>>> print(open('upload.pdb').read())   # PDB, C-alpha atoms, pLDDT in the B column
ATOM      1  CA  MET A 462      75.871  85.256  92.735  1.00 46.00           C
ATOM      2  CA  GLY A 463      74.466  82.239  94.554  1.00 45.00           C
ATOM      3  CA  CYS A 464      74.856  79.990  91.496  1.00 53.00           C
ATOM      4  CA  ARG A 465      78.572  79.441  91.943  1.00 69.00           C
ATOM      5  CA  LYS A 466      79.447  76.186  93.672  1.00 88.00           C
ATOM      6  CA  ARG A 467      81.411  76.679  96.888  1.00 93.00           C
ATOM      7  CA  THR A 468      84.129  74.454  98.279  1.00 96.00           C
ATOM      8  CA  VAL A 469      83.017  72.782 101.517  1.00 96.00           C
ATOM      9  CA  ILE A 470      85.644  73.001 104.269  1.00 96.00           C
ATOM     10  CA  SER A 471      85.857  72.592 108.039  1.00 95.00           C
ATOM     11  CA  ALA A 472      85.663  75.566 110.394  1.00 94.00           C
ATOM     12  CA  VAL A 473      89.299  74.999 111.393  1.00 95.00           C
ATOM     13  CA  ARG A 474      90.419  75.133 107.781  1.00 97.00           C
ATOM     14  CA  LEU A 475      88.349  78.283 107.176  1.00 97.00           C
ATOM     15  CA  ASP A 476      89.910  79.969 110.219  1.00 96.00           C
ATOM     16  CA  ARG A 477      93.366  79.023 108.940  1.00 97.00           C
ATOM     17  CA  HIS A 478      92.587  80.377 105.458  1.00 98.00           C
ATOM     18  CA  LEU A 479      91.275  83.686 106.822  1.00 97.00           C
ATOM     19  CA  THR A 480      94.276  84.074 109.126  1.00 96.00           C
ATOM     20  CA  GLU A 481      96.776  83.317 106.360  1.00 97.00           C
ATOM     21  CA  ARG A 482      95.154  85.818 104.014  1.00 97.00           C
ATOM     22  CA  LEU A 483      95.191  88.527 106.688  1.00 96.00           C
ATOM     23  CA  ARG A 484      98.842  87.920 107.509  1.00 94.00           C
ATOM     24  CA  GLN A 485      99.747  88.204 103.821  1.00 95.00           C
ATOM     25  CA  CYS A 486      98.353  91.770 103.819  1.00 91.00           C
ATOM     26  CA  ASP A 487     100.851  93.279 106.223  1.00 89.00           C
ATOM     27  CA  PRO A 488     103.480  92.040 108.706  1.00 88.00           C
ATOM     28  CA  ALA A 489     101.682  94.029 111.422  1.00 89.00           C
ATOM     29  CA  PHE A 490      98.963  91.334 111.389  1.00 93.00           C
ATOM     30  CA  ASP A 491     101.376  88.490 112.236  1.00 91.00           C
ATOM     31  CA  THR A 492     100.151  88.317 115.840  1.00 90.00           C
ATOM     32  CA  ILE A 493      96.480  88.058 114.880  1.00 93.00           C
ATOM     33  CA  SER A 494      94.405  84.948 114.207  1.00 94.00           C
ATOM     34  CA  LEU A 495      90.870  84.993 112.831  1.00 95.00           C
ATOM     35  CA  ALA A 496      87.958  82.785 113.829  1.00 94.00           C
ATOM     36  CA  ALA A 497      84.849  82.552 111.649  1.00 91.00           C
ATOM     37  CA  GLY A 498      81.680  83.420 113.503  1.00 77.00           C
ATOM     38  CA  TYR A 499      79.114  80.670 113.138  1.00 89.00           C
ATOM     39  CA  ARG A 500      77.421  78.350 110.691  1.00 91.00           C
ATOM     40  CA  LEU A 501      73.968  79.450 109.563  1.00 94.00           C
ATOM     41  CA  ARG A 502      70.989  77.074 109.866  1.00 92.00           C
ATOM     42  CA  ALA A 503      70.285  77.563 106.165  1.00 92.00           C
ATOM     43  CA  THR A 504      72.197  79.228 103.370  1.00 93.00           C
ATOM     44  CA  ASP A 505      71.663  82.942 102.906  1.00 94.00           C
ATOM     45  CA  ALA A 506      70.480  84.633  99.695  1.00 93.00           C
ATOM     46  CA  SER A 507      73.952  84.348  98.168  1.00 93.00           C
ATOM     47  CA  GLY A 508      74.213  80.618  98.960  1.00 94.00           C
ATOM     48  CA  CYS A 509      76.717  80.923 101.824  1.00 95.00           C
ATOM     49  CA  ASN A 510      76.177  78.957 105.035  1.00 96.00           C
ATOM     50  CA  TRP A 511      78.369  80.899 107.489  1.00 96.00           C
ATOM     51  CA  SER A 512      77.788  84.277 109.047  1.00 93.00           C
ATOM     52  CA  GLY A 513      80.720  86.333 107.844  1.00 91.00           C
ATOM     53  CA  HIS A 514      81.174  87.701 111.349  1.00 92.00           C
ATOM     54  CA  VAL A 515      84.819  87.099 112.111  1.00 93.00           C
ATOM     55  CA  VAL A 516      86.489  87.413 115.492  1.00 91.00           C
ATOM     56  CA  PRO A 517      90.096  88.660 115.581  1.00 91.00           C
ATOM     57  CA  LEU A 518      92.126  86.943 118.294  1.00 89.00           C
ATOM     58  CA  HIS A 519      95.270  88.697 119.458  1.00 82.00           C
ATOM     59  CA  GLY A 520      97.295  89.515 122.516  1.00 70.00           C
ATOM     60  CA  LEU A 521      98.322  92.901 123.768  1.00 71.00           C
ATOM     61  CA  ARG A 522     100.258  93.798 120.645  1.00 77.00           C
ATOM     62  CA  GLY A 523      98.714  94.411 117.278  1.00 79.00           C
ATOM     63  CA  PRO A 524      97.047  97.061 115.160  1.00 87.00           C
ATOM     64  CA  PRO A 525      93.908  98.848 116.399  1.00 88.00           C
ATOM     65  CA  HIS A 526      90.617  96.991 115.967  1.00 87.00           C
ATOM     66  CA  GLU A 527      89.457  99.470 113.304  1.00 90.00           C
ATOM     67  CA  THR A 528      92.563  98.752 111.197  1.00 92.00           C
ATOM     68  CA  ILE A 529      91.983  95.016 111.478  1.00 92.00           C
ATOM     69  CA  GLU A 530      88.324  95.415 110.538  1.00 93.00           C
ATOM     70  CA  VAL A 531      89.155  97.292 107.324  1.00 95.00           C
ATOM     71  CA  ALA A 532      91.715  94.658 106.288  1.00 95.00           C
ATOM     72  CA  VAL A 533      89.437  91.706 107.140  1.00 96.00           C
ATOM     73  CA  ARG A 534      86.325  92.859 105.277  1.00 96.00           C
ATOM     74  CA  PRO A 535      87.456  92.025 101.691  1.00 97.00           C
ATOM     75  CA  ILE A 536      89.061  88.772 102.871  1.00 97.00           C
ATOM     76  CA  VAL A 537      85.788  87.631 104.433  1.00 97.00           C
ATOM     77  CA  GLU A 538      83.749  88.679 101.393  1.00 96.00           C
ATOM     78  CA  ALA A 539      86.014  86.655  99.095  1.00 97.00           C
ATOM     79  CA  ALA A 540      85.927  83.642 101.445  1.00 97.00           C
ATOM     80  CA  ARG A 541      82.120  83.753 101.713  1.00 96.00           C
ATOM     81  CA  ALA A 542      81.910  83.621  97.923  1.00 96.00           C
ATOM     82  CA  ARG A 543      84.328  80.694  97.790  1.00 96.00           C
ATOM     83  CA  PHE A 544      83.624  78.468 100.835  1.00 97.00           C
ATOM     84  CA  ASN A 545      80.803  76.840 102.779  1.00 96.00           C
ATOM     85  CA  LEU A 546      81.279  75.117 106.112  1.00 95.00           C
ATOM     86  CA  SER A 547      80.990  71.373 106.443  1.00 93.00           C
ATOM     87  CA  GLU A 548      78.693  69.879 109.061  1.00 78.00           C
TER      88      GLU A 548
END
>>> encode(input="upload.pdb", output="structure tokens")
Amino acid sequence: MGCRKRTVISAVRLDRHLTERLRQCDPAFDTISLAAGYRLRATDASGCNWSGHVVPLHGLRGPPHETIEVAVRPIVEAARARFNLSE
């Protein structure tokens, strides 16, 4: 729920957290980095202030986009419940 207090972190730290969590899932994700979408103007109904849209950054090698998307979804949901972006 929106009542839980979130830890405020920088966008760089959030990107690092998301990337580390993804890479812990499977060695196939070692070539992928994640970048959080954007900061919202106001918090959403759950109290989060970032979009939850995450961009996977990778070169020519790596799992298909659909595979990445499935793995990223629970990581992003957990991070949105835990973190807000600093200014």
>>> resolve_selection(input="upload.pdb", expression="the PyMOL selection byres ((chain A and resi 495) around 12)", output="count of residues only")
35
>>> closest_residue(input="upload.pdb", among="A:Ala539, A:Ala503, A:Leu546, A:Val531", to="Ile470 of chain A", atoms="only C-alpha atoms")
A:Leu546
>>> atom_distance(input="upload.pdb", atom1="atom CA of Ala542 of chain A", atom2="atom CA of Gly523 of chain A")
27.8 Å
>>> atom_distance(input="upload.pdb", atom1="atom CA of Arg522 of chain A", atom2="atom CA of Ser471 of chain A")
28.6 Å
>>> resolve_selection(input="upload.pdb", expression="the PyMOL selection byres ((chain A and resi 511) around 7)", output="MDAnalysis selection string")
chainID A and resid 499:501 509:510 512:513 545:546
>>> atom_distance(input="upload.pdb", atom1="atom CA of Ala489 of chain A", atom2="atom CA of Arg541 of chain A")
24.1 Å
